[in-house]
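Colleague: I'm passing along start-v7.csv; it holds CSV, C-alpha atoms.
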```csv
chain,number,residue,atom,x,y,z
S,1,MET,CA,149.4,188.2,65.2
S,2,VAL,CA,146.9,186.0,63.4
S,3,SER,CA,148.4,183.7,60.8
S,4,THR,CA,147.1,183.5,57.3
S,5,LEU,CA,147.1,179.8,57.7
S,6,GLY,CA,143.9,180.1,59.6
S,7,LEU,CA,142.7,177.5,62.1
S,8,ARG,CA,143.6,174.1,60.6
S,9,PRO,CA,146.3,171.4,61.0
S,10,VAL,CA,149.7,172.3,59.7
S,11,GLY,CA,150.8,170.6,56.5
S,12,GLU,CA,154.1,168.7,56.4
S,13,GLY,CA,155.7,171.4,54.2
S,14,GLU,CA,154.8,174.1,56.7
S,15,ARG,CA,156.4,172.4,59.7
S,16,THR,CA,159.6,173.6,61.5
S,17,LEU,CA,162.3,170.9,61.8
S,18,ALA,CA,163.3,171.4,65.4
S,19,PRO,CA,160.2,170.2,67.3
S,20,ASP,CA,159.7,167.2,65.0
S,21,LEU,CA,163.4,166.2,65.2
S,22,ALA,CA,163.3,166.6,69.0
S,23,ARG,CA,160.3,164.4,69.4
S,24,GLY,CA,161.7,161.8,67.0
S,25,VAL,CA,165.0,161.6,68.9
S,26,MET,CA,163.6,161.8,72.4
S,27,LEU,CA,161.1,159.0,71.8
S,28,ALA,CA,164.2,156.8,72.2
S,29,LEU,CA,164.6,158.0,75.8
S,30,ILE,CA,160.8,157.5,76.4
S,31,ALA,CA,161.2,153.9,75.3
S,32,VAL,CA,164.2,153.4,77.6
S,33,ALA,CA,162.4,155.0,80.6
S,34,ASN,CA,159.1,153.1,80.1
S,35,SER,CA,160.7,149.7,79.4
S,36,ALA,CA,162.5,149.7,82.7
S,37,LEU,CA,159.2,149.8,84.5
S,38,TYR,CA,158.2,146.4,83.1
S,39,LEU,CA,161.1,144.5,84.9
S,40,TYR,CA,159.8,142.4,87.8
S,41,GLY,CA,160.5,139.3,89.9
S,42,ARG,CA,163.5,140.8,91.7
S,43,PRO,CA,164.0,143.3,94.6
S,44,TYR,CA,163.2,146.9,93.8
S,45,GLY,CA,165.4,149.7,94.8
S,46,MET,CA,165.3,153.5,94.4
S,47,ARG,CA,162.7,154.9,92.0
S,48,GLN,CA,161.4,151.3,91.6
S,49,HIS,CA,164.3,150.1,89.5
S,50,ILE,CA,165.2,146.5,90.0
S,51,ILE,CA,168.5,146.0,91.9
S,52,GLU,CA,171.1,144.7,89.6
S,53,HIS,CA,174.4,142.9,90.4
S,54,ASP,CA,176.2,142.4,87.0
S,55,LEU,CA,178.3,145.4,86.0
S,56,PRO,CA,176.8,146.0,82.6
S,57,ASP,CA,173.3,146.1,84.1
S,58,ARG,CA,174.4,148.4,86.9
S,59,VAL,CA,176.0,150.8,84.5
S,60,ALA,CA,172.9,150.7,82.2
S,61,THR,CA,170.7,151.5,85.2
S,62,ALA,CA,173.0,154.3,86.4
S,63,LEU,CA,173.0,155.9,83.0
S,64,THR,CA,169.3,155.6,82.6
S,65,MET,CA,168.6,157.2,86.0
S,66,THR,CA,171.1,160.0,85.3
S,67,LEU,CA,170.2,160.9,81.7
S,68,VAL,CA,166.7,159.6,81.0
S,69,ASP,CA,164.5,159.2,84.1
S,70,GLY,CA,162.5,162.4,84.6
S,71,ARG,CA,164.2,164.1,81.7
S,72,ALA,CA,162.5,162.9,78.5
S,73,TYR,CA,158.9,163.7,79.6
S,74,PRO,CA,159.6,167.3,80.6
S,75,MET,CA,161.1,167.9,77.2
S,76,PHE,CA,158.0,166.6,75.5
S,77,ALA,CA,155.9,168.8,77.9
S,78,ALA,CA,157.9,171.8,76.8
S,79,LEU,CA,157.3,170.9,73.1
S,80,PHE,CA,153.6,170.5,74.0
S,81,GLY,CA,153.4,174.0,75.5
S,82,TYR,CA,155.3,175.3,72.5
S,83,GLY,CA,152.9,173.7,70.1
S,84,MET,CA,149.8,174.9,72.1
S,85,VAL,CA,151.0,178.5,71.5
S,86,GLN,CA,151.6,177.8,67.8
S,87,ILE,CA,148.0,176.5,67.4
S,88,TRP,CA,146.8,179.5,69.3
S,89,ASN,CA,148.7,181.9,67.0
S,90,ARG,CA,146.9,180.4,64.0
S,91,ARG,CA,143.4,181.1,65.4
S,92,ARG,CA,140.7,182.8,63.5
S,93,ASP,CA,139.3,184.3,66.6
S,94,ASP,CA,139.8,183.8,70.3
S,95,ALA,CA,136.6,181.7,70.9
S,96,GLU,CA,137.3,179.3,68.0
S,97,GLY,CA,141.0,178.9,68.9
S,98,ARG,CA,140.2,178.1,72.5
S,99,ARG,CA,137.5,175.6,71.5
S,100,VAL,CA,140.0,173.7,69.3
S,101,LEU,CA,142.6,173.6,72.1
S,102,LYS,CA,140.0,172.5,74.6
S,103,ARG,CA,138.7,169.8,72.3
S,104,ARG,CA,142.2,168.6,71.6
S,105,SER,CA,143.1,168.4,75.3
S,106,LEU,CA,139.9,166.6,76.2
S,107,TRP,CA,140.5,164.1,73.4
S,108,LEU,CA,144.0,163.6,74.6
S,109,LEU,CA,142.5,162.6,78.0
S,110,VAL,CA,140.3,160.1,76.2
S,111,PHE,CA,143.2,158.7,74.2
S,112,GLY,CA,145.2,158.5,77.4
S,113,ALA,CA,142.5,156.6,79.3
S,114,VAL,CA,142.2,154.0,76.5
S,115,HIS,CA,145.9,153.6,76.3
S,116,ALA,CA,146.2,153.2,80.0
S,117,VAL,CA,143.4,150.7,80.4
S,118,LEU,CA,144.4,148.5,77.5
S,119,LEU,CA,148.2,148.8,77.5
S,120,PHE,CA,150.2,150.9,79.8
S,121,SER,CA,149.0,152.7,83.0
S,122,GLY,CA,152.1,155.0,83.0
S,123,ASP,CA,150.5,156.8,80.0
S,124,VAL,CA,151.4,160.4,79.5
S,125,LEU,CA,148.8,161.4,77.0
S,126,GLY,CA,146.2,162.0,79.7
S,127,VAL,CA,148.7,164.1,81.6
S,128,TYR,CA,149.2,166.3,78.5
S,129,GLY,CA,145.5,166.5,78.2
S,130,LEU,CA,145.3,168.0,81.7
S,131,LEU,CA,148.2,170.3,80.8
S,132,GLY,CA,146.4,171.5,77.8
S,133,LEU,CA,143.3,172.3,79.7
S,134,GLY,CA,145.4,174.3,82.2
S,135,LEU,CA,147.3,176.1,79.5
S,136,CYS,CA,144.0,177.1,77.8
S,137,ARG,CA,143.4,179.4,80.8
S,138,LEU,CA,146.9,180.8,80.7
S,139,LEU,CA,147.2,181.8,77.0
S,140,ARG,CA,146.6,185.4,77.7
S,141,VAL,CA,148.7,185.9,80.8
S,142,ARG,CA,151.9,188.0,80.7
S,143,ASP,CA,155.2,186.3,80.0
S,144,ARG,CA,156.4,187.1,83.5
S,145,THR,CA,153.4,185.4,85.0
S,146,LEU,CA,154.2,182.2,83.0
S,147,LEU,CA,157.8,182.2,84.3
S,148,VAL,CA,156.8,183.0,87.9
S,149,LEU,CA,154.3,180.1,87.9
S,150,ALA,CA,156.9,177.8,86.4
S,151,GLY,CA,159.4,178.7,89.1
S,152,VAL,CA,156.9,178.5,92.0
S,153,TRP,CA,155.8,175.1,90.8
S,154,LEU,CA,159.3,173.7,91.4
S,155,VAL,CA,158.6,173.6,95.1
S,156,PRO,CA,155.8,171.0,94.9
S,157,VAL,CA,157.8,169.1,92.3
S,158,ALA,CA,160.7,168.7,94.7
S,159,LEU,CA,158.4,167.8,97.7
S,160,LEU,CA,156.3,165.3,95.8
S,161,SER,CA,159.3,163.6,94.3
S,162,ALA,CA,161.0,163.4,97.7
S,163,LEU,CA,158.0,161.8,99.3
S,164,ALA,CA,157.1,159.5,96.4
S,165,TYR,CA,160.6,157.9,96.2
S,166,SER,CA,161.7,157.9,99.8
S,167,THR,CA,162.5,154.2,100.1
S,168,PRO,CA,166.3,153.7,100.3
S,169,ARG,CA,166.5,149.9,100.7
S,170,ALA,CA,165.4,146.9,98.7
S,171,THR,CA,161.8,145.9,98.8
S,172,ALA,CA,160.1,142.8,97.5
S,173,GLU,CA,156.9,144.6,96.6
S,174,ARG,CA,156.3,147.3,94.0
S,175,SER,CA,155.0,150.7,95.2
S,176,ILE,CA,153.8,151.8,91.7
S,177,PHE,CA,152.5,150.1,88.6
S,178,TRP,CA,151.5,146.8,90.3
S,179,SER,CA,149.8,145.7,87.1
S,180,LEU,CA,153.1,145.2,85.4
S,181,ALA,CA,154.1,142.4,87.8
S,182,VAL,CA,150.8,140.4,88.2
S,183,GLU,CA,150.3,137.2,86.2
S,184,ASP,CA,146.5,137.4,85.8
S,185,PRO,CA,145.6,139.6,82.8
S,186,LEU,CA,142.2,140.5,84.3
S,187,ALA,CA,143.7,141.5,87.6
S,188,ALA,CA,146.2,143.7,85.6
S,189,LEU,CA,143.3,145.2,83.7
S,190,ALA,CA,141.5,146.1,86.9
S,191,LEU,CA,144.5,147.7,88.4
S,192,ARG,CA,145.5,149.9,85.4
S,193,PRO,CA,142.8,152.6,85.7
S,194,PHE,CA,143.8,153.3,89.4
S,195,GLU,CA,147.4,153.4,88.4
S,196,TRP,CA,146.7,155.8,85.6
S,197,VAL,CA,144.9,158.2,87.9
S,198,MET,CA,148.0,158.2,90.2
S,199,THR,CA,150.4,158.8,87.3
S,200,PRO,CA,150.3,162.7,87.3
S,201,VAL,CA,151.7,162.7,90.9
S,202,GLY,CA,155.0,161.3,89.5
S,203,MET,CA,155.1,163.7,86.6
S,204,THR,CA,154.5,167.0,88.3
S,205,GLY,CA,157.6,168.5,86.6
S,206,VAL,CA,155.9,168.5,83.3
S,207,PHE,CA,153.8,171.6,84.3
S,208,THR,CA,156.9,173.8,84.8
S,209,ALA,CA,158.3,172.5,81.5
S,210,ALA,CA,155.1,173.2,79.6
S,211,LEU,CA,154.9,176.7,81.0
S,212,VAL,CA,158.5,177.4,79.9
S,213,GLY,CA,157.7,175.8,76.5
S,214,ALA,CA,154.6,178.1,76.1
S,215,TRP,CA,156.8,181.1,76.9
S,216,ALA,CA,159.4,180.0,74.3
S,217,GLY,CA,156.6,179.4,71.8
S,218,ARG,CA,155.6,183.1,72.0
S,219,ARG,CA,159.2,183.9,70.9
S,220,GLU,CA,159.5,181.0,68.4
S,221,LEU,CA,162.9,180.3,70.1
S,222,LEU,CA,163.1,176.8,68.5
S,223,ALA,CA,162.6,178.2,65.0
S,224,ALA,CA,165.3,180.9,65.4
S,225,PRO,CA,167.6,179.8,68.4
S,226,GLY,CA,169.8,182.6,69.7
S,227,ALA,CA,172.1,183.1,72.7
S,228,LEU,CA,169.5,182.0,75.3
S,229,VAL,CA,168.9,178.7,73.5
S,230,ARG,CA,172.7,178.2,73.2
S,231,ARG,CA,173.1,178.7,77.0
S,232,ALA,CA,170.2,176.4,77.7
S,233,ALA,CA,171.7,173.7,75.4
S,234,VAL,CA,174.9,173.7,77.6
S,235,TRP,CA,173.7,174.3,81.1
S,236,GLY,CA,170.4,172.3,80.9
S,237,PRO,CA,171.9,168.9,80.2
S,238,LEU,CA,174.8,169.6,82.5
S,239,ALA,CA,172.5,170.4,85.4
S,240,GLY,CA,170.4,167.3,84.6
S,241,ALA,CA,173.5,165.1,84.6
S,242,LEU,CA,174.9,166.5,87.9
S,243,GLY,CA,171.5,166.3,89.5
S,244,GLY,CA,170.7,162.8,88.3
S,245,LEU,CA,174.1,161.2,88.8
S,246,PRO,CA,173.9,160.8,92.6
S,247,VAL,CA,170.6,158.9,92.4
S,248,GLY,CA,172.0,156.8,89.6
S,249,LEU,CA,175.1,155.9,91.6
S,250,ALA,CA,173.1,155.3,94.8
S,251,ALA,CA,170.6,153.1,93.1
S,252,THR,CA,173.3,150.8,91.7
S,253,GLY,CA,175.5,150.5,94.8
S,254,PHE,CA,178.3,152.7,93.5
S,255,LEU,CA,177.5,155.3,96.2
S,256,GLU,CA,176.1,155.0,99.7
S,257,ALA,CA,172.8,156.9,99.8
S,258,GLY,CA,172.4,157.2,103.6
S,259,GLY,CA,169.1,157.3,105.4
S,260,PRO,CA,165.6,158.3,104.2
S,261,ALA,CA,166.3,162.0,104.6
S,262,ALA,CA,169.3,161.8,102.2
S,263,VAL,CA,167.3,159.7,99.7
S,264,MET,CA,164.5,162.2,99.7
S,265,ALA,CA,166.9,165.1,99.1
S,266,LEU,CA,168.6,163.2,96.3
S,267,ASN,CA,165.2,162.5,94.6
S,268,ALA,CA,164.1,166.2,95.0
S,269,VAL,CA,167.3,167.3,93.2
S,270,HIS,CA,166.8,164.6,90.6
S,271,ALA,CA,163.3,165.8,89.8
S,272,VAL,CA,164.1,169.5,89.6
S,273,SER,CA,167.3,169.0,87.6
S,274,GLY,CA,165.3,166.7,85.2
S,275,ILE,CA,163.3,169.7,84.1
S,276,ALA,CA,166.5,171.6,83.3
S,277,ALA,CA,167.8,168.6,81.4
S,278,GLY,CA,164.5,168.3,79.3
S,279,LEU,CA,164.6,172.0,78.4
S,280,GLY,CA,168.3,171.7,77.6
S,281,TYR,CA,167.7,168.6,75.3
S,282,ALA,CA,165.1,170.6,73.4
S,283,ALA,CA,167.5,173.5,73.0
S,284,LEU,CA,170.3,171.3,71.9
S,285,ILE,CA,168.2,169.7,69.2
S,286,ALA,CA,167.0,173.1,68.1
S,287,LEU,CA,170.6,174.2,67.5
S,288,LEU,CA,171.3,171.0,65.6
S,289,ALA,CA,168.2,171.5,63.5
S,290,ARG,CA,169.3,175.1,62.7
S,291,ARG,CA,172.7,173.8,61.6
S,292,ILE,CA,171.1,171.1,59.4
S,293,GLY,CA,168.8,173.6,57.8
S,294,THR,CA,167.5,172.3,54.5
S,295,ARG,CA,170.4,169.8,54.1
S,296,ARG,CA,168.4,166.9,55.5
S,297,GLY,CA,169.8,163.4,55.0
S,298,ARG,CA,167.9,160.2,55.2
S,299,LEU,CA,168.4,159.8,59.0
S,300,VAL,CA,167.2,163.3,59.8
S,301,THR,CA,164.2,162.9,57.5
S,302,ALA,CA,163.3,159.6,59.2
S,303,LEU,CA,163.7,161.0,62.7
S,304,SER,CA,161.5,164.0,61.7
S,305,ALA,CA,158.9,161.7,60.3
S,306,CYS,CA,158.8,159.8,63.6
S,307,GLY,CA,158.5,163.2,65.4
S,308,GLN,CA,155.5,164.1,63.2
S,309,ARG,CA,153.9,160.8,64.2
S,310,SER,CA,155.1,160.8,67.8
S,311,MET,CA,151.8,159.7,69.3
S,312,THR,CA,151.5,156.8,66.9
S,313,SER,CA,155.1,155.8,67.6
S,314,TYR,CA,154.6,156.2,71.4
S,315,LEU,CA,151.6,153.9,71.3
S,316,LEU,CA,153.4,151.3,69.2
S,317,GLN,CA,156.1,151.2,71.8
S,318,SER,CA,153.5,150.2,74.4
S,319,VAL,CA,152.2,147.5,72.0
S,320,VAL,CA,155.6,145.9,71.7
S,321,PHE,CA,156.4,146.2,75.4
S,322,THR,CA,153.1,144.7,76.5
S,323,ALA,CA,153.5,141.8,74.0
S,324,LEU,CA,156.9,140.9,75.3
S,325,LEU,CA,157.6,142.0,78.9
S,326,PRO,CA,154.7,141.5,81.4
S,327,PRO,CA,154.1,138.1,83.1
S,328,TYR,CA,150.7,137.8,81.5
S,329,THR,CA,152.2,137.8,78.0
S,330,ILE,CA,155.6,136.4,77.1
S,331,GLY,CA,157.1,137.5,80.4
S,332,LEU,CA,160.6,138.7,79.3
S,333,GLY,CA,160.4,141.3,82.0
S,334,GLY,CA,161.0,138.6,84.6
S,335,SER,CA,164.4,137.6,83.2
S,336,LEU,CA,165.9,140.5,81.2
S,337,GLY,CA,168.5,142.6,82.8
S,338,SER,CA,168.7,146.4,82.5
S,339,ALA,CA,171.3,146.4,79.7
S,340,ALA,CA,169.3,144.0,77.6
S,341,THR,CA,166.1,146.0,78.3
S,342,VAL,CA,167.8,149.2,77.1
S,343,ALA,CA,168.8,147.3,73.9
S,344,LEU,CA,165.2,146.1,73.4
S,345,ALA,CA,163.9,149.7,74.0
S,346,VAL,CA,166.3,151.2,71.4
S,347,GLY,CA,165.5,148.5,68.9
S,348,THR,CA,161.8,149.1,69.4
S,349,TRP,CA,162.3,152.9,68.9
S,350,ALA,CA,164.3,152.2,65.7
S,351,ALA,CA,161.5,150.1,64.4
S,352,THR,CA,159.0,152.9,64.9
S,353,VAL,CA,161.3,155.3,63.1
S,354,ALA,CA,161.4,152.9,60.2
S,355,ALA,CA,157.6,152.6,60.3
S,356,ALA,CA,157.2,156.4,60.4
S,357,GLU,CA,159.5,156.8,57.4
S,358,SER,CA,157.5,154.3,55.5
S,359,MET,CA,154.4,156.2,56.2
S,360,ARG,CA,156.0,159.4,55.1
S,361,ARG,CA,157.1,157.9,51.8
S,362,ALA,CA,153.6,156.6,51.3
S,363,GLY,CA,152.1,160.1,52.1
S,364,VAL,CA,150.3,158.7,55.1
S,365,ARG,CA,150.0,160.5,58.5
S,366,GLY,CA,150.1,158.6,61.7
S,367,PRO,CA,146.7,157.0,62.5
S,368,ALA,CA,146.6,158.4,66.0
S,369,GLU,CA,147.5,161.9,64.8
S,370,THR,CA,144.9,161.7,62.0
S,371,LEU,CA,142.2,160.7,64.4
S,372,LEU,CA,143.1,163.4,66.9
S,373,ARG,CA,143.1,166.1,64.2
S,374,ARG,CA,139.7,165.1,63.0
S,375,LEU,CA,138.3,165.1,66.4
S,376,ALA,CA,139.9,168.4,67.4
S,377,TYR,CA,139.5,170.4,64.2
S,378,ARG,CA,136.4,168.6,62.9
S,379,HIS,CA,137.7,169.0,59.4
S,380,GLY,CA,141.0,168.4,57.5
```
Rewrite the structure from the file as structure tokens, please.
Modeller:
Amino acid sequence: MVSTLGLRPVGEGERTLAPDLARGVMLALIAVANSALYLYGRPYGMRQHIIEHDLPDRVATALTMTLVDGRAYPMFAALFGYGMVQIWNRRRDDAEGRRVLKRRSLWLLVFGAVHAVLLFSGDVLGVYGLLGLGLCRLLRVRDRTLLVLAGVWLVPVALLSALAYSTPRATAERSIFWSLAVEDPLAALALRPFEWVMTPVGMTGVFTAALVGAWAGRRELLAAPGALVRRAAVWGPLAGALGGLPVGLAATGFLEAGGPAAVMALNAVHAVSGIAAGLGYAALIALLARRIGTRRGRLVTALSACGQRSMTSYLLQSVVFTALLPPYTIGLGGSLGSAATVALAVGTWAATVAAAESMRRAGVRGPAETLLRRLAYRHG
């Protein structure tokens, strides 16, 4: 069905609460996940987390690996696929709608490249650009095909995660994101493009999440959550916690991981269960949004404003982390423990929520979103 909105960006009054609220909340988890990558100068353990000895830091690392790592980005990918279908449903005609989606995806690749080279090579915008180009070719396929592809893709997700994170013991050298531990800013600048190209290998699970999100978008499940969403809200986070806890405990010394084969198996389960967790988080927030309805308080309004400006907020996180943590800036990543880094990440996220709310009150869109809209739609 073609919407009477036509092919244009959605105004703030036309938006559904659930996706914006989900993005606003989950940006906190993105901040926690990304900030941990900046820690350096100590031995690295499983999934490149530094090996901690103090109990608060060990607990913070275990919780991060159980509830955050590999869980937040799949949720964003699901929302990305959901949003792609919403844009497609507002098309004037097939050709114009596909051109907008392709332009949007290509510009996301450009945004991602700039972000990766200048700030953070673990950028995800480029990954979502690739996802968008892939989804453009799948918008007309049957629902069953989307779900079958999503399920089949879990096999390479498990295999690649098992191979990428197969080191069970402490290592002095990083195996990913070397630029975050070098002191020379020019050397870091030279490394970041190569690291960015490698980033999709560690985020293969987002493809499955995006396909499920596109399928959910066809049914507008987040706008009108029913029994399926309620089940996902329970079983998704539960599966994510059960699948992530062994890695979290093994990485922090609370559990003996065993040899390389056992570590590979734990990481495969961690990756697959992270997709379930991401989808479950989205479902849980959709139910919360339905319960809230139009009775939005200041906190929900601010979180929703952050979700509407999620790209701007995401980029601002990188600005803060790059200014504070790498050895070629202030260098706090060489001394902060995991617990303090989590606190820094949550504080940074809270600051972006406040900034987004200030923009909302001023009637200003996020600058990154505004630029992407102008480039993708070429009007509005």
Colleague: Leaving out Leu101 in chain S and any residue of its chain fewer than 5 positions from it, which residues lie within 9 Å of it when counting all atoms listed in the file, given as a CSV table (one decimal) with C-alpha atoms, in the coordinates of the input?
Modeller:
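result14.csv written:
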```csv
chain,number,residue,atom,x,y,z
S,84,MET,CA,149.8,174.9,72.1
S,87,ILE,CA,148.0,176.5,67.4
S,88,TRP,CA,146.8,179.5,69.3
S,96,GLU,CA,137.3,179.3,68.0
S,106,LEU,CA,139.9,166.6,76.2
S,132,GLY,CA,146.4,171.5,77.8
S,133,LEU,CA,143.3,172.3,79.7
S,136,CYS,CA,144.0,177.1,77.8
S,376,ALA,CA,139.9,168.4,67.4
```
Colleague: Give me, as a list in words, all polymer residues having an atom no more than 8 Å from Ala339 in chain S, counting only C-alpha atoms and skipping those fewer than 6 positions away in the same chain.
Modeller: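 Surrounding residues, per the criterion: Pro56, Asp57, Ala60 and Thr61 of chain S.
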Colleague: Could you tell me which of S:Ala28, S:Val269, S:Ala116, S:Leu17 comes closest to Ser313 in chain S if we count all atoms listed in the file?
Modeller: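 Going through S:Ala28, S:Val269, S:Ala116, S:Leu17 one by one, the smallest distance to Ser313 in chain S is for S:Ala28.
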Colleague: Nearest to Gly253 in chain S among S:Ile51, S:Gln317, S:Met26, S:Asn34, with distances taken over only C-alpha atoms: which residue is it?
Modeller: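 Going through S:Ile51, S:Gln317, S:Met26, S:Asn34 one by one, the smallest distance to Gly253 in chain S is for S:Ile51.
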Colleague: How close does range 16-91 of chain S get to range 276-286 of chain S? List, as CSV, each residue of range 16-91 of chain S within 9 Å, its nearest atom pair and the distance in Å to one decimal, counting all atoms listed in the file.
Modeller:
```
residue,atom,partner,partner_atom,distance
S:Leu17,CA,S:Ala286,CA,8.2
S:Ala18,CA,S:Ala286,CA,4.9
S:Pro19,CA,S:Ala286,CA,7.4
S:Leu21,CA,S:Ile285,CA,7.2
S:Ala22,CA,S:Ile285,CA,5.8
S:Arg23,CA,S:Ala282,CA,8.8
S:Val25,CA,S:Ile285,CA,8.7
S:Met26,CA,S:Tyr281,CA,8.5
S:Leu67,CA,S:Ala277,CA,8.1
S:Gly70,CA,S:Gly278,CA,8.2
S:Arg71,CA,S:Gly278,CA,4.8
S:Ala72,CA,S:Gly278,CA,5.8
S:Tyr73,CA,S:Gly278,CA,7.3
S:Pro74,CA,S:Gly278,CA,5.2
S:Met75,CA,S:Gly278,CA,4.0
S:Phe76,CA,S:Gly278,CA,7.7
S:Ala77,CA,S:Gly278,CA,8.7
S:Ala78,CA,S:Leu279,CA,6.9
S:Leu79,CA,S:Ala282,CA,7.8
```
Colleague: So, with all atoms listed in the file as the atoms that count, which of S:Leu154, S:Leu266, S:Ile292, S:Met203 lies closest to Leu131 in chain S?
Modeller: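 Smallest distance to Leu131 in chain S is found for S:Met203.
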Colleague: Got a sec: who's within 12 Å of Arg142 in chain S, counting only C-alpha atoms, leaving out chain neighbours fewer than 6 positions off, as a PDB file with C-alpha atoms, in the frame of the given file?
Modeller:
```
ATOM      1  CA  VAL S 148     156.800 183.000  87.900  1.00  0.00           C
ATOM      2  CA  LEU S 149     154.300 180.100  87.900  1.00  0.00           C
ATOM      3  CA  LEU S 211     154.900 176.700  81.000  1.00  0.00           C
ATOM      4  CA  ALA S 214     154.600 178.100  76.100  1.00  0.00           C
ATOM      5  CA  TRP S 215     156.800 181.100  76.900  1.00  0.00           C
ATOM      6  CA  ARG S 218     155.600 183.100  72.000  1.00  0.00           C
TER       7      ARG S 218
END
```
Colleague: What separation in Å, quoted to one decimal, exists between CA of Leu27 in chain S and CA of Leu315 in chain S?
Modeller: 10.8 Å
Colleague: Just give me the gap between CA of Gly337 in chain S and CA of Leu37 in chain S in Å, one decimal is fine.
Modeller: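 Between these atoms lies a distance of 11.9 Å.
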Colleague: For range 352-362 of chain S, list every protein, DNA or RNA residue within 9 Å, evaluated using all atoms listed in the file, and leave out those in the same chain fewer than 6 positions away; present the list as number ranges by chain.
Modeller: S: 24, 301-310, 312-314, 316-317
Colleague: Need the shell around Gly217 in chain S: protein/DNA/RNA residues with any atom at most 8 Å away, counting all atoms listed in the file. Skip same-chain ones fewer than 5 positions apart. Format as a compact mmCIF listing (two decimals) with C-alpha atoms, in the frame of the given file?
Modeller:
```txt
# COMPACT_ATOMS: atom_id res chain seq x y z
CA GLY S 81 153.40 174.00 75.50
CA TYR S 82 155.30 175.30 72.50
CA GLY S 83 152.90 173.70 70.10
CA VAL S 85 151.00 178.50 71.50
CA GLN S 86 151.60 177.80 67.80
CA LEU S 222 163.10 176.80 68.50
```
Colleague: List every protein, DNA or RNA residue that has at least one atom no more than 12 Å from (166.7, 180.8, 62.9) in the file's coordinates, counting all atoms listed in the file, and write the result as a ChimeraX atom specification.
Modeller: /S:16-18,219-227,229,286-294
Colleague: Just the number, please: distance in Å from CA of Ala210 in chain S to CA of Gly151 in chain S, one decimal.
Modeller: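 Distance between the two atoms: 11.8 Å.
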Colleague: Identify the residues within 12 Å of coordinate (167.3, 150.9, 89.3) (same frame as the file), considering only C-alpha atoms, and give the answer as a PyMOL selection string.
Modeller: chain S and resi 33+35-40+42-53+57-66+69+165+168-170+247-254+337-339
Colleague: Could you add whatever atoms are missing so that range 69-80 of chain S carries N, CA and C atoms, then write the result as a PDB file, keeping the file's coordinate frame?
Modeller:
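The file below, out-v5.pdb, is the result:
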```pdb
ATOM      1  N   ASP S  69     165.604 159.132  83.160  1.00  0.00           N
ATOM      2  CA  ASP S  69     164.500 159.200  84.100  1.00  0.00           C
ATOM      3  C   ASP S  69     164.149 160.641  84.464  1.00  0.00           C
ATOM      4  N   GLY S  70     162.899 161.028  84.271  1.00  0.00           N
ATOM      5  CA  GLY S  70     162.500 162.400  84.600  1.00  0.00           C
ATOM      6  C   GLY S  70     163.069 163.456  83.764  1.00  0.00           C
ATOM      7  N   ARG S  71     163.626 163.072  82.610  1.00  0.00           N
ATOM      8  CA  ARG S  71     164.200 164.100  81.700  1.00  0.00           C
ATOM      9  C   ARG S  71     163.519 164.108  80.349  1.00  0.00           C
ATOM     10  N   ALA S  72     163.081 162.962  79.841  1.00  0.00           N
ATOM     11  CA  ALA S  72     162.500 162.900  78.500  1.00  0.00           C
ATOM     12  C   ALA S  72     161.054 163.538  78.549  1.00  0.00           C
ATOM     13  N   TYR S  73     160.245 163.184  79.554  1.00  0.00           N
ATOM     14  CA  TYR S  73     158.900 163.700  79.600  1.00  0.00           C
ATOM     15  C   TYR S  73     158.799 165.214  79.761  1.00  0.00           C
ATOM     16  N   PRO S  74     159.653 165.841  80.584  1.00  0.00           N
ATOM     17  CA  PRO S  74     159.600 167.300  80.600  1.00  0.00           C
ATOM     18  C   PRO S  74     159.954 167.942  79.260  1.00  0.00           C
ATOM     19  N   MET S  75     160.856 167.311  78.483  1.00  0.00           N
ATOM     20  CA  MET S  75     161.100 167.900  77.200  1.00  0.00           C
ATOM     21  C   MET S  75     159.905 167.801  76.272  1.00  0.00           C
ATOM     22  N   PHE S  76     159.180 166.680  76.321  1.00  0.00           N
ATOM     23  CA  PHE S  76     158.000 166.600  75.500  1.00  0.00           C
ATOM     24  C   PHE S  76     156.913 167.574  76.022  1.00  0.00           C
ATOM     25  N   ALA S  77     156.862 167.796  77.327  1.00  0.00           N
ATOM     26  CA  ALA S  77     155.900 168.800  77.900  1.00  0.00           C
ATOM     27  C   ALA S  77     156.245 170.182  77.368  1.00  0.00           C
ATOM     28  N   ALA S  78     157.536 170.506  77.308  1.00  0.00           N
ATOM     29  CA  ALA S  78     157.900 171.800  76.800  1.00  0.00           C
ATOM     30  C   ALA S  78     157.522 171.954  75.326  1.00  0.00           C
ATOM     31  N   LEU S  79     157.713 170.905  74.543  1.00  0.00           N
ATOM     32  CA  LEU S  79     157.300 170.900  73.100  1.00  0.00           C
ATOM     33  C   LEU S  79     155.756 171.016  73.046  1.00  0.00           C
ATOM     34  N   PHE S  80     155.071 170.395  73.994  1.00  0.00           N
ATOM     35  CA  PHE S  80     153.600 170.500  74.000  1.00  0.00           C
ATOM     36  C   PHE S  80     153.152 171.909  74.242  1.00  0.00           C
TER      37      PHE S  80
END
```
